[in-house]
>>> print(open('entry-v6.csv').read())   # CSV, C-alpha atoms
chain,number,residue,atom,x,y,z
A,26,MET,CA,26.4,-11.6,5.8
A,27,SER,CA,24.3,-14.0,3.8
A,28,SER,CA,23.0,-12.7,0.5
A,29,ASN,CA,19.6,-14.0,1.8
A,30,TYR,CA,19.5,-10.8,3.9
A,31,VAL,CA,19.8,-8.4,0.9
A,32,PRO,CA,16.0,-8.4,0.1
A,33,MET,CA,15.3,-7.9,3.8
A,34,ILE,CA,17.6,-4.9,4.1
A,35,VAL,CA,16.0,-3.3,1.0
A,36,THR,CA,12.5,-3.9,2.5
A,37,LEU,CA,13.6,-2.4,5.8
A,38,VAL,CA,14.9,0.6,3.9
A,39,ILE,CA,11.4,1.0,2.4
A,40,TRP,CA,9.9,0.7,5.8
A,41,VAL,CA,12.2,3.2,7.4
A,42,GLY,CA,11.5,5.5,4.4
A,43,LEU,CA,7.8,5.3,5.1
A,44,PHE,CA,8.3,6.1,8.8
A,45,LEU,CA,10.5,9.1,7.9
A,46,TYR,CA,7.9,10.3,5.5
A,47,LEU,CA,5.3,10.1,8.3
A,48,PHE,CA,7.4,12.3,10.5
A,49,LYS,CA,8.2,14.7,7.6
A,50,LEU,CA,4.4,15.2,7.1
A,51,ASP,CA,4.0,15.8,10.8
A,52,CYS,CA,6.6,18.5,10.8
A,53,LYS,CA,5.1,20.0,7.6
A,54,ILE,CA,1.7,20.3,9.3
A,55,LYS,CA,3.2,21.9,12.4
A,56,ARG,CA,5.1,24.4,10.2
A,57,MET,CA,1.9,25.2,8.1
A,58,THR,CA,-0.4,25.7,11.1
A,59,LYS,CA,2.1,28.0,12.8
A,60,LYS,CA,2.1,30.4,9.9
B,3,MET,CA,2.8,11.8,21.2
B,4,LEU,CA,1.7,8.6,22.9
B,5,CYS,CA,0.4,7.3,19.5
B,6,LYS,CA,3.8,8.0,17.9
B,7,ILE,CA,5.7,6.2,20.6
B,8,SER,CA,3.2,3.2,20.5
B,9,LEU,CA,3.5,2.9,16.7
B,10,SER,CA,7.3,3.1,16.8
B,11,ILE,CA,7.5,0.4,19.5
B,12,TRP,CA,4.9,-1.7,17.6
B,13,MET,CA,6.8,-1.5,14.3
B,14,ALA,CA,10.2,-2.1,16.0
B,15,THR,CA,8.7,-5.2,17.6
B,16,VAL,CA,7.3,-6.4,14.2
B,17,ILE,CA,10.7,-6.1,12.6
B,18,ILE,CA,12.3,-8.1,15.5
B,19,ALA,CA,9.5,-10.7,15.4
B,20,VAL,CA,9.7,-11.1,11.6
B,21,PHE,CA,13.4,-11.9,12.0
B,22,LEU,CA,13.2,-14.1,15.1
B,23,LEU,CA,9.8,-15.7,15.4
B,24,PRO,CA,9.1,-17.6,12.2
B,25,PRO,CA,11.7,-20.1,11.0
B,26,PRO,CA,13.1,-19.5,7.5
B,27,GLN,CA,11.2,-21.2,4.8
B,28,ALA,CA,12.8,-24.5,3.8
B,29,GLN,CA,13.4,-23.8,0.1
B,30,LEU,CA,13.7,-20.0,0.0
B,31,GLY,CA,15.5,-19.4,3.3
B,32,ASP,CA,15.4,-15.9,4.8
B,33,VAL,CA,14.2,-14.3,1.6
B,34,SER,CA,10.8,-15.6,2.5
B,35,ARG,CA,10.6,-13.0,5.2
B,36,VAL,CA,9.9,-10.4,2.6
B,37,PHE,CA,6.4,-11.8,2.6
B,38,PHE,CA,5.8,-10.1,6.0
B,39,PHE,CA,6.3,-6.7,4.3
B,40,HIS,CA,5.2,-7.4,0.7
B,41,VAL,CA,1.7,-8.7,1.5
B,42,PRO,CA,0.7,-6.0,3.9
B,43,MET,CA,1.7,-3.3,1.4
B,44,ALA,CA,-0.4,-5.0,-1.3
B,45,TRP,CA,-3.3,-5.2,1.2
B,46,ILE,CA,-2.9,-1.4,2.1
B,47,ALA,CA,-3.0,-0.6,-1.6
B,48,VAL,CA,-6.3,-2.3,-2.0
B,49,LEU,CA,-7.6,-0.6,1.2
B,50,ALA,CA,-6.5,2.8,-0.1
B,51,PHE,CA,-8.2,2.3,-3.5
B,52,LEU,CA,-11.4,1.2,-1.6
B,53,LEU,CA,-11.2,4.4,0.5
B,54,SER,CA,-10.8,6.4,-2.7
B,55,LEU,CA,-14.0,4.8,-4.1
B,56,ILE,CA,-15.9,5.5,-0.9
B,57,PHE,CA,-14.9,9.1,-0.7
B,58,SER,CA,-15.5,9.6,-4.4
B,59,LEU,CA,-19.1,8.3,-3.9
B,60,GLN,CA,-19.4,10.6,-0.9
B,61,TYR,CA,-18.3,13.5,-3.1
B,62,LEU,CA,-20.8,12.8,-5.8
B,63,ARG,CA,-23.6,12.6,-3.2
B,64,LYS,CA,-22.7,15.7,-1.2
B,65,LYS,CA,-20.5,17.8,-3.6
B,66,ASP,CA,-18.2,18.6,-0.7
B,67,LEU,CA,-14.6,19.2,-1.8
B,68,ASN,CA,-13.3,17.7,1.4
B,69,TYR,CA,-14.3,14.3,0.1
B,70,ASP,CA,-12.4,15.0,-3.1
B,71,ILE,CA,-9.3,15.8,-1.1
B,72,LYS,CA,-9.7,12.5,0.8
B,73,ALA,CA,-10.4,10.5,-2.4
B,74,ARG,CA,-7.3,12.0,-4.1
B,75,THR,CA,-5.1,11.4,-1.0
B,76,ALA,CA,-6.3,7.8,-0.7
B,77,ALA,CA,-5.6,7.2,-4.5
B,78,ARG,CA,-2.1,8.7,-4.1
B,79,LEU,CA,-1.3,6.5,-1.2
B,80,GLY,CA,-2.7,3.5,-3.0
B,81,LEU,CA,-0.4,4.2,-5.9
B,82,LEU,CA,2.5,4.6,-3.5
B,83,PHE,CA,1.8,1.3,-1.7
B,84,THR,CA,1.3,-0.5,-5.0
B,85,ILE,CA,4.7,0.7,-6.1
B,86,LEU,CA,6.3,-0.4,-2.8
B,87,ALA,CA,4.6,-3.8,-3.1
B,88,THR,CA,5.9,-4.1,-6.7
B,89,ILE,CA,9.5,-3.2,-5.6
B,90,SER,CA,9.5,-5.6,-2.7
B,91,GLY,CA,7.9,-8.3,-4.9
B,92,SER,CA,10.5,-7.8,-7.6
B,93,ILE,CA,13.3,-8.2,-5.1
B,94,PHE,CA,11.7,-11.4,-4.0
B,95,ALA,CA,11.3,-12.5,-7.6
B,96,LYS,CA,14.9,-11.9,-8.4
B,97,THR,CA,16.1,-14.1,-5.6
B,98,SER,CA,13.5,-16.9,-6.0
B,99,TRP,CA,12.7,-16.9,-9.8
B,100,GLY,CA,15.9,-15.4,-11.1
B,101,SER,CA,14.6,-12.2,-12.6
B,102,PHE,CA,13.2,-8.9,-11.3
B,103,TRP,CA,10.3,-9.0,-13.7
B,104,ASN,CA,8.7,-12.1,-15.3
B,105,TRP,CA,5.4,-10.8,-16.7
B,106,ASP,CA,3.7,-13.2,-14.4
B,107,PRO,CA,-0.1,-12.7,-14.4
B,108,ARG,CA,0.0,-11.0,-11.0
B,109,GLU,CA,2.9,-8.8,-12.1
B,110,THR,CA,1.1,-7.9,-15.3
B,111,SER,CA,-2.2,-7.2,-13.5
B,112,ILE,CA,-0.4,-4.9,-10.9
B,113,PHE,CA,1.3,-3.1,-13.8
B,114,ILE,CA,-2.1,-2.5,-15.4
B,115,LEU,CA,-3.4,-1.3,-12.0
B,116,LEU,CA,-0.5,1.2,-11.8
B,117,LEU,CA,-1.4,2.5,-15.3
B,118,ILE,CA,-5.1,2.8,-14.3
B,119,TYR,CA,-4.4,4.9,-11.2
B,120,GLY,CA,-1.6,6.8,-13.0
B,121,ALA,CA,-4.3,7.9,-15.5
B,122,TYR,CA,-6.4,9.1,-12.5
B,123,PHE,CA,-3.8,11.7,-11.7
B,124,ALA,CA,-3.3,12.5,-15.4
B,125,LEU,CA,-7.0,13.2,-15.6
B,126,ARG,CA,-6.8,15.4,-12.4
B,127,SER,CA,-4.0,17.5,-13.8
B,128,ALA,CA,-5.8,18.0,-17.1
B,129,VAL,CA,-8.8,19.7,-15.6
B,130,GLU,CA,-8.5,23.1,-14.0
B,131,MET,CA,-11.9,23.9,-12.6
B,132,PRO,CA,-12.0,22.4,-9.1
B,133,ASP,CA,-15.6,21.2,-9.1
B,134,ARG,CA,-15.4,19.7,-12.6
B,135,ARG,CA,-12.1,18.1,-11.8
B,136,ALA,CA,-13.5,16.6,-8.6
B,137,SER,CA,-16.7,15.3,-10.4
B,138,LEU,CA,-14.8,13.8,-13.3
B,139,SER,CA,-12.1,12.2,-11.1
B,140,ALA,CA,-14.7,10.8,-8.7
B,141,VAL,CA,-16.5,9.0,-11.6
B,142,TYR,CA,-13.1,7.8,-12.8
B,143,ALA,CA,-12.1,6.5,-9.3
B,144,ILE,CA,-15.4,4.6,-9.0
B,145,LEU,CA,-14.9,3.0,-12.4
B,146,ALA,CA,-11.2,2.3,-11.7
B,147,PHE,CA,-12.0,0.5,-8.5
B,148,PHE,CA,-14.2,-2.1,-10.3
B,149,THR,CA,-11.0,-3.3,-11.9
B,150,VAL,CA,-9.2,-3.8,-8.6
B,151,PRO,CA,-10.9,-7.1,-7.5
B,152,PHE,CA,-10.3,-8.6,-10.9
B,153,LEU,CA,-6.7,-7.5,-11.2
B,154,VAL,CA,-5.7,-8.3,-7.7
B,155,PHE,CA,-7.8,-11.4,-6.8
B,156,VAL,CA,-9.3,-13.0,-9.9
B,157,ILE,CA,-6.9,-12.8,-12.9
B,158,PRO,CA,-3.8,-14.1,-10.9
B,159,ARG,CA,-5.9,-17.1,-9.9
B,160,VAL,CA,-7.4,-17.8,-13.3
B,161,TYR,CA,-4.1,-18.0,-15.1
B,162,GLN,CA,-1.1,-20.1,-14.1
B,163,SER,CA,1.2,-17.9,-12.0
B,164,LEU,CA,4.6,-18.1,-10.3
B,165,HIS,CA,3.0,-16.6,-7.3
B,166,PRO,CA,1.7,-19.1,-4.8
B,167,ASN,CA,-2.1,-18.7,-4.5
B,168,ASP,CA,-2.3,-20.2,-1.1
B,169,SER,CA,0.3,-18.3,0.8
B,170,VAL,CA,-2.3,-16.6,3.1
B,171,ILE,CA,-5.6,-18.5,2.5
B,172,ASN,CA,-5.8,-21.8,0.8
B,173,THR,CA,-8.4,-23.0,-1.8
B,174,ARG,CA,-10.7,-24.1,1.0
B,175,LEU,CA,-10.6,-20.5,2.4
B,176,GLN,CA,-8.7,-21.6,5.5
B,177,ILE,CA,-5.7,-19.8,6.9
B,178,GLN,CA,-2.8,-22.2,6.6
B,179,MET,CA,0.1,-20.7,8.6
B,180,SER,CA,1.8,-21.9,11.7
B,181,SER,CA,1.0,-19.8,14.8
B,182,SER,CA,4.4,-18.1,14.8
B,183,ILE,CA,4.1,-17.0,11.1
B,184,LEU,CA,0.5,-16.0,11.7
B,185,ILE,CA,1.3,-13.8,14.7
B,186,ALA,CA,4.2,-12.0,12.9
B,187,PHE,CA,2.0,-11.6,9.8
B,188,LEU,CA,-1.0,-10.1,11.6
B,189,ALA,CA,1.3,-7.9,13.7
B,190,SER,CA,2.9,-6.6,10.5
B,191,LEU,CA,-0.6,-6.1,8.9
B,192,VAL,CA,-1.8,-4.1,11.9
B,193,GLY,CA,1.3,-2.0,12.0
B,194,PHE,CA,1.3,-1.1,8.4
B,195,THR,CA,-2.4,-0.4,8.4
B,196,TRP,CA,-1.9,1.9,11.4
B,197,LEU,CA,1.0,3.6,9.6
B,198,PHE,CA,-1.1,4.0,6.5
B,199,LEU,CA,-4.1,5.5,8.3
B,200,TRP,CA,-1.8,8.0,10.0
B,201,ILE,CA,-0.1,9.0,6.8
B,202,PHE,CA,-3.6,9.3,5.2
B,203,ARG,CA,-4.8,11.6,8.0
B,204,LEU,CA,-1.7,13.9,7.8
B,205,GLU,CA,-1.7,14.1,4.0
B,206,THR,CA,-5.4,14.9,4.0
B,207,LYS,CA,-4.8,17.7,6.5
B,208,ILE,CA,-1.8,19.1,4.4
B,209,ASN,CA,-3.8,18.9,1.1
B,210,ARG,CA,-6.7,20.8,2.8
B,211,LEU,CA,-4.4,23.5,4.1
B,212,LEU,CA,-2.7,23.8,0.6
B,213,ASP,CA,-6.1,24.1,-1.1
B,214,GLU,CA,-7.1,26.8,1.4
B,215,MET,CA,-3.9,28.7,0.7
B,216,GLU,CA,-4.5,28.5,-3.0
B,217,GLU,CA,-8.0,29.9,-2.6
>>> encode(input="entry-v6.csv", output="structure tokens")
Amino acid sequence: MSSNYVPMIVTLVIWVGLFLYLFKLDCKIKRMTKK
Amino acid sequence: MLCKISLSIWMATVIIAVFLLPPPQAQLGDVSRVFFFHVPMAWIAVLAFLLSLIFSLQYLRKKDLNYDIKARTAARLGLLFTILATISGSIFAKTSWGSFWNWDPRETSIFILLLIYGAYFALRSAVEMPDRRASLSAVYAILAFFTVPFLVFVIPRVYQSLHPNDSVINTRLQIQMSSSILIAFLASLVGFTWLFLWIFRLETKINRLLDEMEE
């Protein structure tokens, strides 16, 4: 794989991290409102 | 649920479009595609700080702690997106300019911005009384936002910078992108703004619930 793709992969990791964070928040709200 | 699926499909499409639609830049190659993530993150940071200003003003007018929660959440997310923009920018800098950090005017101004909003949270943690903390931090957030246009838009253009000043809008205030680049860029901008607003809504709700539990 070209080294040109390294920054892109890191950026995608950041993006996926944001998306996972969003779902984590969603689950947290569900958990908190159930209590 | 429909909203979640729509956002997932939208962002997946953006990633595919960013890879496939615009051709790689002649000199930088595929590294130039970082632009489609880096610029929207910087834009969201400014948007978040603007929201923090608006909610701080609202708090000072109405003295409703809900606005303080919103202002705090917006500032937190602004800080998060500034850090993400800095990380993605420094990766781009390493590949194109040879070093992760060059103390370029834009890098320096973003560093100062991080310090300014970092101090906002230091101030919040130093005051215990909720009303006093909300008032002080609202005033600080308003003053802090006045630095944003200078640090983000003015200073990097006044001093000579490694950053291109015309990557989105040129000096004659015209968008200068080919249609494929513009479509991918706008799609990314919309997707990230959508993602940000969603995170903002959820975080506000969580912070409100946490505050209610503390009370």
>>> interface_residues(input="entry-v6.csv", of="chain A", to="chain B", cutoff="8 Å", atoms="only C-alpha atoms", output="list in words")
Asn29, Tyr30, Pro32, Met33, Val35, Thr36, Ile39, Phe44, Leu47, Leu50, Asp51, Lys53, Ile54 and Met57 of chain A
>>> residues_around(input="entry-v6.csv", residues="Leu115 of chain B", least_positions_apart="3", cutoff="9 Å", atoms="all atoms listed in the file", output="list in words")
Leu81, Thr84, Thr110, Ser111, Ile112, Ile118, Tyr119, Gly120, Ala146, Thr149, Val150, Leu153 and Val154 of chain B
>>> residues_around(input="entry-v6.csv", residues="Trp45 of chain B", least_positions_apart="4", cutoff="9 Å", atoms="only C-alpha atoms", output="number ranges by chain")
B: 40-41, 49-50, 83, 191, 195
>>> atom_distance(input="entry-v6.csv", atom1="atom CA of Arg126 of chain B", atom2="atom CA of Leu62 of chain B")
15.7 Å
>>> atom_distance(input="entry-v6.csv", atom1="atom CA of Pro25 of chain B", atom2="atom CA of Trp12 of chain B")
20.7 Å
>>> atom_distance(input="entry-v6.csv", atom1="atom CA of Leu138 of chain B", atom2="atom CA of Leu59 of chain B")
11.7 Å
>>> residues_around(input="entry-v6.csv", residues="Ala140 of chain B", least_positions_apart="4", cutoff="9 Å", atoms="all atoms listed in the file", output="list in words")
Ser54, Leu55, Phe57, Ser58, Leu59, Tyr61, Leu62, Asp70, Ala73, Arg74, Arg135, Ala136, Ile144 and Leu145 of chain B
>>> closest_residue(input="entry-v6.csv", among="B:Val16, B:Met3, B:Ser101, B:Ala186", to="Leu37 of chain A", atoms="all atoms listed in the file")
B:Val16
>>> closest_residue(input="entry-v6.csv", among="B:Pro107, B:Ile185, B:Pro158, B:Tyr142", to="Ala124 of chain B", atoms="all atoms listed in the file")
B:Tyr142
>>> build_atoms(input="entry-v6.csv", residues="segment 32-53 of chain A", atoms="N, CA and C atoms", output="tab-separated table (two decimals), in the frame of the given file")
chain	number	residue	atom	x	y	z
A	32	PRO	N	17.42	-8.82	0.29
A	32	PRO	CA	16.00	-8.40	0.10
A	32	PRO	C	15.43	-7.79	1.37
A	33	MET	N	15.81	-8.40	2.49
A	33	MET	CA	15.30	-7.90	3.80
A	33	MET	C	15.76	-6.53	4.07
A	34	ILE	N	17.02	-6.27	3.79
A	34	ILE	CA	17.60	-4.90	4.10
A	34	ILE	C	16.86	-3.89	3.20
A	35	VAL	N	16.67	-4.24	1.91
A	35	VAL	CA	16.00	-3.30	1.00
A	35	VAL	C	14.57	-3.03	1.51
A	36	THR	N	13.90	-4.08	1.96
A	36	THR	CA	12.50	-3.90	2.50
A	36	THR	C	12.53	-3.05	3.72
A	37	LEU	N	13.52	-3.25	4.55
A	37	LEU	CA	13.60	-2.40	5.80
A	37	LEU	C	13.86	-0.95	5.40
A	38	VAL	N	14.65	-0.74	4.35
A	38	VAL	CA	14.90	0.60	3.90
A	38	VAL	C	13.58	1.28	3.48
A	39	ILE	N	12.75	0.51	2.77
A	39	ILE	CA	11.40	1.00	2.40
A	39	ILE	C	10.61	1.36	3.60
A	40	TRP	N	10.65	0.47	4.58
A	40	TRP	CA	9.90	0.70	5.80
A	40	TRP	C	10.34	1.94	6.55
A	41	VAL	N	11.65	2.06	6.70
A	41	VAL	CA	12.20	3.20	7.40
A	41	VAL	C	11.84	4.51	6.60
A	42	GLY	N	11.88	4.40	5.27
A	42	GLY	CA	11.50	5.50	4.40
A	42	GLY	C	10.08	5.98	4.69
A	43	LEU	N	9.17	5.00	4.84
A	43	LEU	CA	7.80	5.30	5.10
A	43	LEU	C	7.64	6.03	6.47
A	44	PHE	N	8.39	5.54	7.44
A	44	PHE	CA	8.30	6.10	8.80
A	44	PHE	C	8.87	7.55	8.78
A	45	LEU	N	9.96	7.76	8.04
A	45	LEU	CA	10.50	9.10	7.90
A	45	LEU	C	9.56	10.05	7.23
A	46	TYR	N	8.89	9.50	6.21
A	46	TYR	CA	7.90	10.30	5.50
A	46	TYR	C	6.77	10.74	6.41
A	47	LEU	N	6.35	9.83	7.28
A	47	LEU	CA	5.30	10.10	8.30
A	47	LEU	C	5.75	11.31	9.15
A	48	PHE	N	6.97	11.26	9.62
A	48	PHE	CA	7.40	12.30	10.50
A	48	PHE	C	7.64	13.64	9.73
A	49	LYS	N	8.01	13.51	8.45
A	49	LYS	CA	8.20	14.70	7.60
A	49	LYS	C	6.81	15.41	7.47
A	50	LEU	N	5.75	14.60	7.24
A	50	LEU	CA	4.40	15.20	7.10
A	50	LEU	C	3.98	15.85	8.40
A	51	ASP	N	4.31	15.21	9.50
A	51	ASP	CA	4.00	15.80	10.80
A	51	ASP	C	4.61	17.13	11.01
A	52	CYS	N	5.89	17.23	10.66
A	52	CYS	CA	6.60	18.50	10.80
A	52	CYS	C	6.03	19.55	9.86
A	53	LYS	N	5.66	19.12	8.64
A	53	LYS	CA	5.10	20.00	7.60
A	53	LYS	C	3.81	20.66	8.16
